[in-house]
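Undergrad: Supplied structure: coords_29.txt, compact mmCIF, C-alpha atoms.
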# COMPACT_ATOMS: atom_id res chain seq x y z
CA MET A 2 0.00 0.00 0.00
CA ILE A 3 1.30 3.42 -0.96
CA ASP A 4 1.77 6.11 1.67
CA LEU A 5 -0.35 9.12 0.75
CA ASP A 6 0.14 12.48 2.39
CA ASP A 7 -2.46 15.24 2.68
CA LEU A 8 -1.34 16.82 -0.59
CA ASP A 9 -1.72 13.52 -2.45
CA LEU A 10 -5.26 13.20 -1.06
CA LYS A 11 -6.10 16.75 -2.14
CA ILE A 12 -4.79 16.02 -5.64
CA LEU A 13 -6.82 12.81 -5.82
CA HIS A 14 -9.94 14.65 -4.71
CA ALA A 15 -9.37 17.37 -7.30
CA LEU A 16 -8.85 14.78 -10.06
CA SER A 17 -11.94 12.86 -8.97
CA GLN A 18 -13.93 16.06 -9.52
CA ASP A 19 -12.23 16.91 -12.85
CA ALA A 20 -9.93 14.32 -14.42
CA THR A 21 -8.93 16.81 -17.13
CA LEU A 22 -6.93 19.00 -14.73
CA SER A 23 -3.44 19.61 -16.04
CA ALA A 24 -0.34 19.38 -13.87
CA GLY A 25 -0.07 23.16 -14.17
CA ALA A 26 -3.61 23.66 -12.88
CA ILE A 27 -3.00 21.22 -10.02
CA GLY A 28 0.23 23.01 -9.17
CA ARG A 29 -1.45 26.42 -9.11
CA ARG A 30 -4.28 25.10 -6.95
CA PHE A 31 -1.96 23.54 -4.35
CA GLY A 32 1.11 25.77 -4.47
CA LEU A 33 3.35 23.42 -6.46
CA SER A 34 5.39 23.93 -9.58
CA GLN A 35 4.07 22.21 -12.69
CA PRO A 36 6.92 19.63 -12.65
CA ALA A 37 6.35 18.85 -8.95
CA ALA A 38 2.62 18.38 -9.54
CA TRP A 39 3.34 16.18 -12.56
CA ARG A 40 5.75 14.00 -10.53
CA ARG A 41 3.06 13.46 -7.88
CA VAL A 42 0.36 12.59 -10.42
CA LYS A 43 2.78 10.32 -12.32
CA ARG A 44 3.63 8.52 -9.05
CA LEU A 45 -0.09 8.00 -8.34
CA TRP A 46 -0.46 6.42 -11.80
CA SER A 47 2.64 4.24 -11.47
CA GLU A 48 1.57 3.02 -8.00
CA GLY A 49 -1.87 2.08 -9.35
CA VAL A 50 -3.79 4.59 -7.24
CA LEU A 51 -5.00 6.14 -10.50
CA SER A 52 -5.90 3.48 -13.02
CA HIS A 53 -8.52 4.65 -15.52
CA ARG A 54 -9.79 7.73 -17.23
CA ARG A 55 -13.44 7.56 -18.16
CA LEU A 56 -15.78 9.66 -20.15
CA VAL A 57 -19.14 9.87 -18.38
CA LEU A 58 -22.06 10.05 -20.77
CA ASP A 59 -25.26 11.83 -19.85
CA HIS A 60 -27.71 9.01 -20.53
CA GLU A 61 -30.72 11.27 -20.16
CA ALA A 62 -29.39 13.68 -22.79
CA LEU A 63 -28.94 10.67 -25.09
CA GLY A 64 -32.58 9.67 -24.63
CA PHE A 65 -32.17 7.08 -21.86
CA GLY A 66 -34.33 8.61 -19.14
CA VAL A 67 -34.65 5.56 -16.88
CA THR A 68 -31.93 3.82 -14.87
CA VAL A 69 -32.79 0.59 -13.09
CA PHE A 70 -30.71 -1.44 -10.65
CA LEU A 71 -31.67 -5.05 -11.16
CA GLY A 72 -30.88 -7.77 -8.65
CA VAL A 73 -30.50 -11.14 -10.36
CA LYS A 74 -30.51 -14.48 -8.56
CA LEU A 75 -29.33 -17.39 -10.66
CA ALA A 76 -31.78 -20.29 -10.60
CA THR A 77 -29.36 -23.09 -11.41
CA LYS A 78 -25.91 -22.27 -10.06
CA GLY A 79 -24.63 -25.79 -10.66
CA ARG A 80 -25.85 -26.09 -14.25
CA VAL A 81 -24.93 -22.65 -15.55
CA SER A 82 -21.53 -21.25 -14.81
CA LEU A 83 -21.09 -17.72 -13.57
CA GLU A 84 -18.85 -17.09 -16.57
CA ASP A 85 -21.66 -18.10 -18.97
CA PHE A 86 -24.07 -15.66 -17.33
CA GLU A 87 -21.46 -12.87 -17.24
CA ARG A 88 -20.51 -13.39 -20.89
CA ALA A 89 -24.18 -13.31 -21.94
CA VAL A 90 -25.21 -10.31 -19.82
CA THR A 91 -22.28 -8.16 -20.98
CA ALA A 92 -23.58 -8.55 -24.54
CA VAL A 93 -26.81 -6.71 -23.63
CA PRO A 94 -26.16 -3.09 -24.68
CA GLU A 95 -28.51 -1.55 -22.09
CA VAL A 96 -26.55 -3.15 -19.25
CA GLN A 97 -24.04 -0.57 -18.03
CA THR A 98 -22.46 -2.44 -15.11
CA VAL A 99 -22.41 -6.03 -13.89
CA GLU A 100 -21.51 -6.56 -10.25
CA HIS A 101 -21.10 -10.02 -8.72
CA ILE A 102 -22.34 -9.53 -5.16
CA LEU A 103 -22.87 -11.38 -1.90
CA GLY A 104 -26.37 -11.41 -0.46
CA VAL A 105 -29.88 -12.29 -1.56
CA TYR A 106 -28.97 -11.78 -5.21
CA ASP A 107 -25.96 -13.05 -7.12
CA TYR A 108 -25.60 -10.03 -9.41
CA ARG A 109 -26.56 -6.38 -9.51
CA LEU A 110 -26.99 -4.84 -12.95
CA ARG A 111 -27.24 -1.16 -13.82
CA ILE A 112 -29.53 -0.89 -16.84
CA VAL A 113 -30.46 2.21 -18.84
CA ALA A 114 -33.64 2.42 -20.91
CA ARG A 115 -35.55 5.07 -22.80
CA ASP A 116 -38.57 4.74 -20.50
CA ILE A 117 -40.32 2.16 -18.31
CA SER A 118 -41.89 0.33 -21.25
CA ASP A 119 -38.45 0.13 -22.90
CA PHE A 120 -37.07 -1.31 -19.65
CA GLU A 121 -39.88 -3.87 -19.61
CA ARG A 122 -38.91 -4.90 -23.15
CA VAL A 123 -35.24 -5.26 -22.13
CA LEU A 124 -36.22 -7.25 -19.04
CA ARG A 125 -38.58 -9.64 -20.84
CA ARG A 126 -36.71 -10.15 -24.09
CA ARG A 127 -33.08 -9.86 -23.05
CA ILE A 128 -32.49 -10.30 -19.31
CA MET A 129 -35.01 -13.06 -18.57
CA ALA A 130 -33.71 -14.99 -21.62
CA LEU A 131 -30.15 -15.12 -20.24
CA PRO A 132 -28.79 -18.49 -19.09
CA GLY A 133 -29.60 -19.33 -15.49
CA VAL A 134 -31.70 -16.27 -14.59
CA GLY A 135 -34.09 -17.00 -11.74
CA ASP A 136 -35.51 -14.30 -9.47
CA VAL A 137 -35.04 -10.61 -10.26
CA GLU A 138 -35.80 -7.43 -8.34
CA ALA A 139 -35.89 -4.02 -10.01
CA ASN A 140 -35.18 -0.70 -8.29
CA VAL A 141 -35.73 2.43 -10.38
CA LEU A 142 -33.24 5.23 -9.79
CA LEU A 143 -35.02 8.45 -8.84
CA SER A 144 -31.97 10.68 -8.34
CA GLU A 145 -28.24 10.33 -7.88
CA GLU A 146 -25.67 12.37 -6.02
CA ARG A 147 -21.98 11.75 -6.65
CA LEU A 148 -20.00 11.97 -3.42
CA PRO A 149 -16.22 12.20 -3.02
CA GLY A 150 -16.06 9.02 -0.93
CA PRO A 151 -13.28 8.38 1.56
CA LEU A 152 -11.07 11.15 0.14
CA GLY A 153 -13.25 13.82 1.72
CA GLY A 154 -13.38 17.34 0.46
The structure given in the file should be rewritten as structure tokens.

TA:
Amino acid sequence: MIDLDDLDLKILHALSQDATLSAGAIGRRFGLSQPAAWRRVKRLWSEGVLSHRRLVLDHEALGFGVTVFLGVKLATKGRVSLEDFERAVTAVPEVQTVEHILGVYDYRLRIVARDISDFERVLRRRIMALPGVGDVEANVLLSEERLPGPLGG
């Protein structure tokens, strides 16, 4: 585990809010030279603390106004492998994330749809047809707030 000081945590928080910040902008914000800020960010990448850059799409602006979290319990764990289910579910374009979880359900899916009737179509024609699907439970997302997590503010 890498030792992070307060400045590293502030840099991580700033990058979590805006991953496009340049080393110069980070340096100005935290009283560092551009090269010093770049060295810190580069170290965070090389140590694996930073691992991905992602573009976040606004699904609603693209016409996908409904997000549903779907709990999926596999009906036949012994007859259908987890890998078979995962391979099949990742081919469904409306499925945004697949999380293998511990609890009542085996998986939690984040699904986007144009509206509730579109979600029903995805559920009936795509999700319920996947290998091994048993019980499902849908939770419709009403609102979402992105929080900084353990890095604080």

Undergrad: To one decimal in Å, tell me the separation between atom CA of A:His53 and atom CA of A:Leu103.

TA: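 Atom CA of A:Leu103 lies at a distance of 25.5 Å from atom CA of A:His53.
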
Undergrad: Nearest to A:Gly64: which of A:Ala114, A:Ala139, A:Val81, A:Leu16 is it, counting all atoms listed in the file?

TA: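 That would be A:Ala114, the residue with the smallest distance to A:Gly64.
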
Undergrad: Go through A:Val137, A:Leu13, A:Leu143, A:Ala92 and flag the residue nearest A:Val73, using all atoms listed in the file for the distances.

TA: A:Val137

Undergrad: What residues have an atom no more than 12 Å from (-30.7, 3.2, -8.9) in the file's own frame, counting only C-alpha atoms, and can you write them as a ChimeraX atom specification?

TA: /A:67-72,97-98,109-113,138-146

Undergrad: Between A:Arg88, A:His60, A:Arg54, A:Arg41, which residue has the minimum interatomic distance to A:Asp116, considering only C-alpha atoms?

TA: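 Using only C-alpha atoms, A:Asp116 sits closest to A:His60.
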
Undergrad: Which one is closest to A:Val50: A:Leu63, A:Met2, A:Val105, A:Leu124? Count all atoms listed in the file.

TA: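 Of the candidates, the smallest distance to A:Val50 is held by A:Met2.
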
Undergrad: For a test of reading the model, state the distance in Å between atom CA of A:Pro151 and atom CA of A:Tyr106, rounded to one decimal.

TA: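 One can read the atom CA of A:Pro151 to atom CA of A:Tyr106 distance as 26.4 Å.
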
Undergrad: For the atom pair atom CA of A:Glu48 and atom CA of A:Gly25, what is the interatomic distance in Å to one decimal place?

TA: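 That distance, rounded to one decimal, is 21.1 Å.
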
Undergrad: Just add N, CA, C and O atoms to stretch 107-121 of chain A and send it as an mmCIF file, in the coordinates of the input.

TA:
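Saved file rebuild_1.cif follows:
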data_model
loop_
_atom_site.group_PDB
_atom_site.id
_atom_site.type_symbol
_atom_site.label_atom_id
_atom_site.label_comp_id
_atom_site.auth_asym_id
_atom_site.auth_seq_id
_atom_site.Cartn_x
_atom_site.Cartn_y
_atom_site.Cartn_z
ATOM 1 N N ASP A 107 -27.302 -12.698 -6.681
ATOM 2 C CA ASP A 107 -25.960 -13.050 -7.120
ATOM 3 C C ASP A 107 -25.297 -11.910 -7.894
ATOM 4 O O ASP A 107 -24.073 -11.756 -7.868
ATOM 5 N N TYR A 108 -26.117 -11.121 -8.583
ATOM 6 C CA TYR A 108 -25.600 -10.030 -9.410
ATOM 7 C C TYR A 108 -26.465 -8.790 -9.239
ATOM 8 O O TYR A 108 -27.666 -8.886 -8.964
ATOM 9 N N ARG A 109 -25.842 -7.647 -9.437
ATOM 10 C CA ARG A 109 -26.560 -6.380 -9.510
ATOM 11 C C ARG A 109 -26.181 -5.754 -10.845
ATOM 12 O O ARG A 109 -24.991 -5.582 -11.144
ATOM 13 N N LEU A 110 -27.187 -5.444 -11.638
ATOM 14 C CA LEU A 110 -26.990 -4.840 -12.950
ATOM 15 C C LEU A 110 -27.480 -3.403 -12.925
ATOM 16 O O LEU A 110 -28.501 -3.111 -12.306
ATOM 17 N N ARG A 111 -26.766 -2.534 -13.599
ATOM 18 C CA ARG A 111 -27.240 -1.160 -13.820
ATOM 19 C C ARG A 111 -27.661 -1.113 -15.279
ATOM 20 O O ARG A 111 -26.847 -1.336 -16.176
ATOM 21 N N ILE A 112 -28.943 -0.846 -15.495
ATOM 22 C CA ILE A 112 -29.530 -0.890 -16.840
ATOM 23 C C ILE A 112 -30.096 0.485 -17.165
ATOM 24 O O ILE A 112 -30.757 1.105 -16.327
ATOM 25 N N VAL A 113 -29.836 0.967 -18.382
ATOM 26 C CA VAL A 113 -30.460 2.210 -18.840
ATOM 27 C C VAL A 113 -31.479 1.861 -19.919
ATOM 28 O O VAL A 113 -31.290 0.923 -20.694
ATOM 29 N N ALA A 114 -32.580 2.619 -19.920
ATOM 30 C CA ALA A 114 -33.640 2.420 -20.910
ATOM 31 C C ALA A 114 -34.253 3.768 -21.256
ATOM 32 O O ALA A 114 -34.103 4.744 -20.503
ATOM 33 N N ARG A 115 -34.935 3.810 -22.371
ATOM 34 C CA ARG A 115 -35.550 5.070 -22.800
ATOM 35 C C ARG A 115 -36.689 5.478 -21.866
ATOM 36 O O ARG A 115 -36.863 6.643 -21.566
ATOM 37 N N ASP A 116 -37.455 4.509 -21.417
ATOM 38 C CA ASP A 116 -38.570 4.740 -20.500
ATOM 39 C C ASP A 116 -38.914 3.406 -19.851
ATOM 40 O O ASP A 116 -38.258 2.394 -20.112
ATOM 41 N N ILE A 117 -39.957 3.388 -19.025
ATOM 42 C CA ILE A 117 -40.320 2.160 -18.310
ATOM 43 C C ILE A 117 -40.737 1.049 -19.274
ATOM 44 O O ILE A 117 -40.381 -0.120 -19.079
ATOM 45 N N SER A 118 -41.487 1.385 -20.313
ATOM 46 C CA SER A 118 -41.890 0.330 -21.250
ATOM 47 C C SER A 118 -40.682 -0.228 -22.000
ATOM 48 O O SER A 118 -40.642 -1.431 -22.303
ATOM 49 N N ASP A 119 -39.688 0.616 -22.280
ATOM 50 C CA ASP A 119 -38.450 0.130 -22.900
ATOM 51 C C ASP A 119 -37.716 -0.794 -21.930
ATOM 52 O O ASP A 119 -37.201 -1.841 -22.324
ATOM 53 N N PHE A 120 -37.689 -0.427 -20.639
ATOM 54 C CA PHE A 120 -37.070 -1.310 -19.650
ATOM 55 C C PHE A 120 -37.791 -2.653 -19.592
ATOM 56 O O PHE A 120 -37.165 -3.710 -19.528
ATOM 57 N N GLU A 121 -39.116 -2.620 -19.638
ATOM 58 C CA GLU A 121 -39.880 -3.870 -19.610
ATOM 59 C C GLU A 121 -39.498 -4.759 -20.794
ATOM 60 O O GLU A 121 -39.339 -5.975 -20.653
#
